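**Student:** This is the structure I want to talk about, given as structure tokens.
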Amino acid sequence: MQSLKERTGKGLFWGGMNNLVQQVIGVVFGIVLGRLLSQSDYGMMAMISVFSLVATALQNSGFTVALVNLDSPEHRDYNSVFWFNILAGGVLYVVLFLSAPLIARFYDNAALVPLCRYAFLSIVIASFGTAQTAWLFKHLRAKEQAKAAMAAVVTSSLTGAVMAFCGLAYWSLATQGLVYVLVNTIFVWRYSEWRPSVTGITFAPVVRMFRFSSRILLTTIAGIINNNVLNILLGRLFGERRTGVYNQAYQWSFKCYSLVQNMVNQVAQPVLVDLRADGGRQLNALRKLMRFTAFVSFPLLLGLSSVAKEFIVLAITAKWLASAELLRILCISGAVVPLSALLSNLVISKGRSGTYLYVTLSLGLAQIICMLLVWREGIRTMVIAYTALNIVWLFVWYVFCRRLTGYGFGKFLSDVLPFALTASAVAFGVVRLTGGLVSLWALLAAKCVLFAVLYYAVMKLLGVKILRECEQFVVRRLRR
């Protein structure tokens with residue numbers, strides 16, 4: 001039987017492979033769709049995405065995390081969650097179907113009515129796969145989750161691109177989302193060993209988990225609103241076109257930081273839960289995951305920030321140039337988001353779903369107040385404020401983790417700051433060294449190569465342990 005360390009390493013590998021493939025495909029098809037579709041097309045989907053995400057969270061109700069936090073969940077636990085999700089998904093779809101005219105009225109856009117009713121079908125489809133996904137997650141079946149997600153992203157991206165090429169505008173984005181959920185649900189059923197039963201159905205386990213899961217649910221909803229607060233406000237205040245400009249920048253930033261966040265999240269929660277009885281080992285595991293996350297996140301996001309203009313113009317044409325400056329700013333907050341997510345996983349693993357809820361809600365409240373105070377200054381100022389708040393909340397999460405684990409501030413800084421400073425210095429140096437280049441292609445190539453070489457060289461020169469461990473792991477995988 002594999003040790004927890006081996007399963008963690010394997011989980012990180014397959015989590016990384018999954019997210020790398022997804023993001024590479026996402027980049028390719030993001031470029032294709034960015035060239036084929038308009039700012040208004042992206043804005044239409046951006047304005048309604050929050051409703052679908054919140055409904056999916058309500059349908060899930062936090063039970064995936066609740067199941068993972070059970071020491072030994074039984075068949076009846078999974079079965080109860082499975083049937084509850086289907087019931088909740090159906091009810092929520094009916095509610096949203098009837099609410100579509102209200103959503104359209106909020107944004108003053110009648111075309112949103114049929115779009116909402118079509119796009120929200122993903123809620124019903126997703127309800128059939130929640131329990132299976134929880135089973136795979138609980139058993140650290142990262143490889144199987146990776147295969148399901150990769151199959152889904154390939155199929156859905158091809159579907160979206162073909163529809164966009166045929167001139168179906170924002171319907172291509174809506175269908176892409178539906179196909180992704182459908183294919184992923186089919187594959188998690190294939191890979192999960194658990195199957196539902198129609199006999200002895202009881203919602204008692206759901207009721208038992210509700211106290212914990214309800215807080216996770218409220219926190220998830222708050223997190224969704226936090227991530228989409230600008231889409232909501234911009235759609236209401238500035239219309240679909242300018243919302244689309246922001247959303248394009250946000251999507252590229254999201255693709256980049258979610259590559260890191262999802263890879264780490266693949267293993268963080270199960271591992272931290274397994275180690276919660278041994279505080280010392282749990283803190284050591286958290287610190288190692290923090291160093292790995294910072295080691296990858298800062299160069300990836302700050303590297304993208306340094307090539308934002310060249311990438312946007314060359315990849316999706318100059319019609320999206322206004323997105324480049326917003327992307328440059330968003331990448332700064334994106335660099336710390338995976339670290340905040342990891343610290344929040346520690347809070348959940350300690351059973352402190354209430355703390356998780358309050359910290360997330362307070363961030364959402366601060367964001368809404370801040371955005372309403374500065375919106376007259378323009379979108380750029382709103383994005384700067386959004387970024388600043390996300391950085392501040394990294395330290396808020398740290399304060400609560402320190403109370404739970406004794407994670408010293410000096411240790412926290414030593415786990416994060418060297419990578420942040422190195423990536424920042426390399427980004428500054430790369431911009432200075434390439435200042436004389438005129439060609440956008442030459443600038444993009446030179447900045448990417450220089451950033452990768454310089455960051456690796458500095459890490460090697462400093463003898464960074466996490467780099468050495470990553471190299472050794474990759475070598476072992478290649479020899480098998």
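In the structure tokens, chains take the letters A, B, ... in the order shown, each chain's residues start at 1, and ligands count up from 1 in the order shown.
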Which polymer residues have any atom within 10 Å of an atom of A:Val81, counting only C-alpha atoms, with same-chain residues fewer than 2 positions away left out, as a PDB file with C-alpha atoms, in the first residue's frame?

**Tutor:**
ATOM      1  CA  ASN A  60     -24.059  20.520  -4.008  1.00  0.00           C
ATOM      2  CA  SER A  61     -24.707  22.142  -0.613  1.00  0.00           C
ATOM      3  CA  GLY A  62     -21.129  21.591   0.561  1.00  0.00           C
ATOM      4  CA  PHE A  63     -21.596  17.845   0.894  1.00  0.00           C
ATOM      5  CA  THR A  64     -18.549  16.982  -1.215  1.00  0.00           C
ATOM      6  CA  LEU A  67     -17.970  13.628   2.805  1.00  0.00           C
ATOM      7  CA  ARG A  76     -25.577   5.373   2.888  1.00  0.00           C
ATOM      8  CA  ASP A  77     -23.689   8.686   3.221  1.00  0.00           C
ATOM      9  CA  TYR A  78     -22.835   8.811  -0.489  1.00  0.00           C
ATOM     10  CA  ASN A  79     -26.287   7.572  -1.447  1.00  0.00           C
ATOM     11  CA  TRP A  83     -30.298  11.612  -4.303  1.00  0.00           C
ATOM     12  CA  PHE A  84     -30.404  14.940  -2.472  1.00  0.00           C
ATOM     13  CA  ASN A  85     -28.291  16.559  -5.209  1.00  0.00           C
ATOM     14  CA  ILE A  86     -30.605  15.319  -7.966  1.00  0.00           C
ATOM     15  CA  LEU A  87     -33.657  16.609  -6.123  1.00  0.00           C
ATOM     16  CA  SER A 127     -26.223  16.846  -9.966  1.00  0.00           C
ATOM     17  CA  THR A 130     -21.358  15.023  -7.253  1.00  0.00           C
ATOM     18  CA  ALA A 131     -21.260  11.865  -5.126  1.00  0.00           C
ATOM     19  CA  ALA A 134     -16.553  13.075  -3.858  1.00  0.00           C
ATOM     20  CA  PRO A 196     -26.193   4.607  -5.933  1.00  0.00           C
ATOM     21  CA  THR A 202     -32.686   8.199   3.518  1.00  0.00           C
ATOM     22  CA  PHE A 203     -31.717  11.821   3.940  1.00  0.00           C
ATOM     23  CA  ALA A 204     -30.624  11.294   7.547  1.00  0.00           C
ATOM     24  CA  PRO A 205     -26.887  11.445   6.634  1.00  0.00           C
ATOM     25  CA  VAL A 206     -27.524  14.694   4.739  1.00  0.00           C
ATOM     26  CA  VAL A 207     -29.249  16.144   7.792  1.00  0.00           C
ATOM     27  CA  MET A 209     -23.771  16.639   7.748  1.00  0.00           C
TER      28      MET A 209
END

**Student:** Using DSSP secondary structure from the backbone, list all helix (DSSP H, G or I) positions within stretch 107-297 of chain A, as a ChimeraX atom specification.

**Tutor:** /A:107,112-119,121-126,130-138,142-165,170-191,204-238,240-274,279-297

**Student:** Would you mind exporting the chosen residues as a compact mmCIF listing (two decimals), in the first residue's frame, restricted to C-alpha atoms?

**Tutor:**
# COMPACT_ATOMS: atom_id res chain seq x y z
CA TYR A 107 -29.16 43.78 -16.87
CA LEU A 112 -30.53 36.82 -21.64
CA VAL A 113 -33.85 34.99 -21.06
CA PRO A 114 -33.32 32.08 -23.51
CA LEU A 115 -29.58 32.08 -22.81
CA CYS A 116 -30.17 31.62 -19.07
CA ARG A 117 -32.64 28.82 -19.56
CA TYR A 118 -30.22 26.99 -21.84
CA ALA A 119 -27.00 27.53 -19.90
CA LEU A 121 -29.19 23.04 -17.72
CA SER A 122 -25.65 22.34 -16.50
CA ILE A 123 -27.05 22.39 -12.95
CA VAL A 124 -29.25 19.36 -13.62
CA ILE A 125 -26.48 17.47 -15.41
CA ALA A 126 -23.89 18.15 -12.69
CA THR A 130 -21.36 15.02 -7.25
CA ALA A 131 -21.26 11.87 -5.13
CA GLN A 132 -18.98 10.07 -7.61
CA THR A 133 -16.60 13.02 -7.67
CA ALA A 134 -16.55 13.08 -3.86
CA TRP A 135 -15.70 9.35 -3.81
CA LEU A 136 -12.77 9.84 -6.19
CA PHE A 137 -11.59 12.88 -4.24
CA LYS A 138 -11.80 11.10 -0.87
CA ALA A 142 -6.31 12.06 -8.89
CA LYS A 143 -5.41 10.10 -12.03
CA GLU A 144 -9.02 9.20 -12.72
CA GLN A 145 -10.22 12.73 -12.02
CA ALA A 146 -7.55 14.01 -14.39
CA LYS A 147 -8.67 11.69 -17.20
CA ALA A 148 -12.31 12.72 -16.76
CA ALA A 149 -11.49 16.42 -16.79
CA MET A 150 -9.14 16.14 -19.77
CA ALA A 151 -11.73 14.26 -21.83
CA ALA A 152 -14.32 16.89 -20.91
CA VAL A 153 -12.17 19.89 -21.76
CA VAL A 154 -11.13 18.48 -25.16
CA THR A 155 -14.67 17.59 -26.19
CA SER A 156 -16.25 20.82 -24.95
CA SER A 157 -13.54 23.04 -26.45
CA LEU A 158 -13.92 21.45 -29.87
CA THR A 159 -17.68 21.87 -29.66
CA GLY A 160 -17.42 25.53 -28.70
CA ALA A 161 -14.90 26.30 -31.44
CA VAL A 162 -16.98 24.65 -34.17
CA MET A 163 -20.11 26.51 -33.07
CA ALA A 164 -18.25 29.84 -32.90
CA PHE A 165 -16.88 29.24 -36.41
CA TYR A 170 -22.44 33.45 -27.27
CA TRP A 171 -24.41 30.21 -27.76
CA SER A 172 -21.08 28.53 -28.48
CA LEU A 173 -19.79 29.53 -25.01
CA ALA A 174 -22.98 28.29 -23.35
CA THR A 175 -22.83 24.95 -25.17
CA GLN A 176 -19.16 24.57 -24.35
CA GLY A 177 -20.04 24.75 -20.65
CA LEU A 178 -22.86 22.23 -20.99
CA VAL A 179 -20.73 19.72 -22.89
CA TYR A 180 -17.92 19.99 -20.35
CA VAL A 181 -20.25 19.15 -17.45
CA LEU A 182 -21.91 16.30 -19.38
CA VAL A 183 -18.67 14.58 -20.43
CA ASN A 184 -17.06 15.02 -17.01
CA THR A 185 -20.12 13.51 -15.32
CA ILE A 186 -20.06 10.50 -17.66
CA PHE A 187 -16.40 9.83 -16.94
CA VAL A 188 -16.53 10.19 -13.15
CA TRP A 189 -19.30 7.58 -13.25
CA ARG A 190 -17.02 5.34 -15.25
CA TYR A 191 -14.06 5.68 -12.88
CA ALA A 204 -30.62 11.29 7.55
CA PRO A 205 -26.89 11.45 6.63
CA VAL A 206 -27.52 14.69 4.74
CA VAL A 207 -29.25 16.14 7.79
CA ARG A 208 -26.36 14.98 10.00
CA MET A 209 -23.77 16.64 7.75
CA PHE A 210 -25.82 19.79 7.25
CA ARG A 211 -24.34 21.82 10.12
CA PHE A 212 -20.86 21.47 8.67
CA SER A 213 -21.86 21.48 5.01
CA SER A 214 -24.16 24.49 5.29
CA ARG A 215 -21.24 26.66 6.30
CA ILE A 216 -19.20 25.29 3.43
CA LEU A 217 -22.14 26.04 1.14
CA LEU A 218 -22.47 29.65 2.31
CA THR A 219 -18.72 30.07 2.02
CA THR A 220 -18.71 28.64 -1.50
CA ILE A 221 -21.46 31.04 -2.53
CA ALA A 222 -19.57 33.93 -0.97
CA GLY A 223 -16.41 32.85 -2.80
CA ILE A 224 -18.27 32.68 -6.11
CA ILE A 225 -19.63 36.17 -5.58
CA ASN A 226 -16.16 37.37 -4.58
CA ASN A 227 -14.66 36.03 -7.80
CA ASN A 228 -17.49 37.38 -9.94
CA VAL A 229 -18.25 40.65 -8.17
CA LEU A 230 -16.75 42.67 -11.01
CA ASN A 231 -18.68 40.72 -13.66
CA ILE A 232 -21.90 41.48 -11.79
CA LEU A 233 -21.22 45.17 -11.19
CA LEU A 234 -19.66 45.86 -14.58
CA GLY A 235 -22.58 44.18 -16.34
CA ARG A 236 -25.00 46.37 -14.43
CA LEU A 237 -23.00 49.63 -14.60
CA PHE A 238 -21.14 49.48 -17.94
CA GLU A 240 -21.95 43.71 -21.84
CA ARG A 241 -19.16 45.04 -24.08
CA ARG A 242 -16.97 46.49 -21.32
CA THR A 243 -17.82 43.53 -19.11
CA GLY A 244 -16.49 41.32 -21.91
CA VAL A 245 -13.22 43.29 -21.99
CA TYR A 246 -12.72 42.70 -18.26
CA ASN A 247 -13.87 39.08 -18.45
CA GLN A 248 -11.33 38.27 -21.16
CA ALA A 249 -8.55 39.51 -18.87
CA TYR A 250 -10.01 37.66 -15.89
CA GLN A 251 -10.31 34.41 -17.84
CA TRP A 252 -6.62 34.40 -18.79
CA SER A 253 -5.58 35.20 -15.24
CA PHE A 254 -7.93 32.50 -13.96
CA LYS A 255 -6.55 29.90 -16.38
CA CYS A 256 -3.08 30.59 -15.06
CA TYR A 257 -3.66 30.59 -11.29
CA SER A 258 -6.19 27.74 -11.39
CA LEU A 259 -3.44 25.59 -12.94
CA VAL A 260 -1.64 25.84 -9.60
CA GLN A 261 -4.65 26.02 -7.31
CA ASN A 262 -6.43 22.96 -8.72
CA MET A 263 -3.24 20.91 -8.73
CA VAL A 264 -2.68 21.59 -5.02
CA ASN A 265 -6.37 21.32 -4.10
CA GLN A 266 -6.36 17.83 -5.62
CA VAL A 267 -4.45 16.59 -2.57
CA ALA A 268 -4.46 19.33 0.08
CA GLN A 269 -7.81 18.63 1.73
CA PRO A 270 -7.55 14.81 1.96
CA VAL A 271 -3.92 14.99 3.17
CA LEU A 272 -4.55 17.68 5.79
CA VAL A 273 -7.59 15.76 7.05
CA ASP A 274 -5.56 12.54 7.33
CA GLY A 279 -0.54 18.74 14.60
CA GLY A 280 3.20 18.71 13.96
CA ARG A 281 3.00 16.56 10.84
CA GLN A 282 0.01 18.52 9.56
CA LEU A 283 1.88 21.82 9.90
CA ASN A 284 4.93 20.37 8.15
CA ALA A 285 2.72 19.16 5.30
CA LEU A 286 1.06 22.58 5.07
CA ARG A 287 4.42 24.37 4.94
CA LYS A 288 5.71 22.07 2.24
CA LEU A 289 2.58 22.64 0.16
CA MET A 290 2.92 26.40 0.75
CA ARG A 291 6.50 26.39 -0.54
CA PHE A 292 5.56 24.32 -3.58
CA THR A 293 2.59 26.57 -4.34
CA ALA A 294 4.63 29.78 -4.02
CA PHE A 295 7.47 28.25 -6.05
CA VAL A 296 5.10 27.68 -8.99
CA SER A 297 2.48 30.41 -8.59

**Student:** In Å to one decimal, how far is atom CA of A:Gly239 from atom CA of A:Leu372?

**Tutor:**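 Between atom CA of A:Leu372 and atom CA of A:Gly239 the gap works out to 16.1 Å.
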
**Student:** Which one is closest to A:Lys350: A:Ile316, A:Cys401, A:Ala335, A:Ala385? Count only C-alpha atoms.

**Tutor:**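 The shortest atom-to-atom distance to A:Lys350 comes from A:Cys401.
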
**Student:** I want to know what sits within 12 Å of A:Ser362, based on only C-alpha atoms, with residues of the same chain fewer than 3 positions away left out; could you give that as JSON, numbers by chain?

**Tutor:** {"A": [219, 222, 223, 225, 226, 355, 356, 357, 358, 359, 365, 366, 367, 368, 369, 389, 390, 392, 393, 396, 397]}
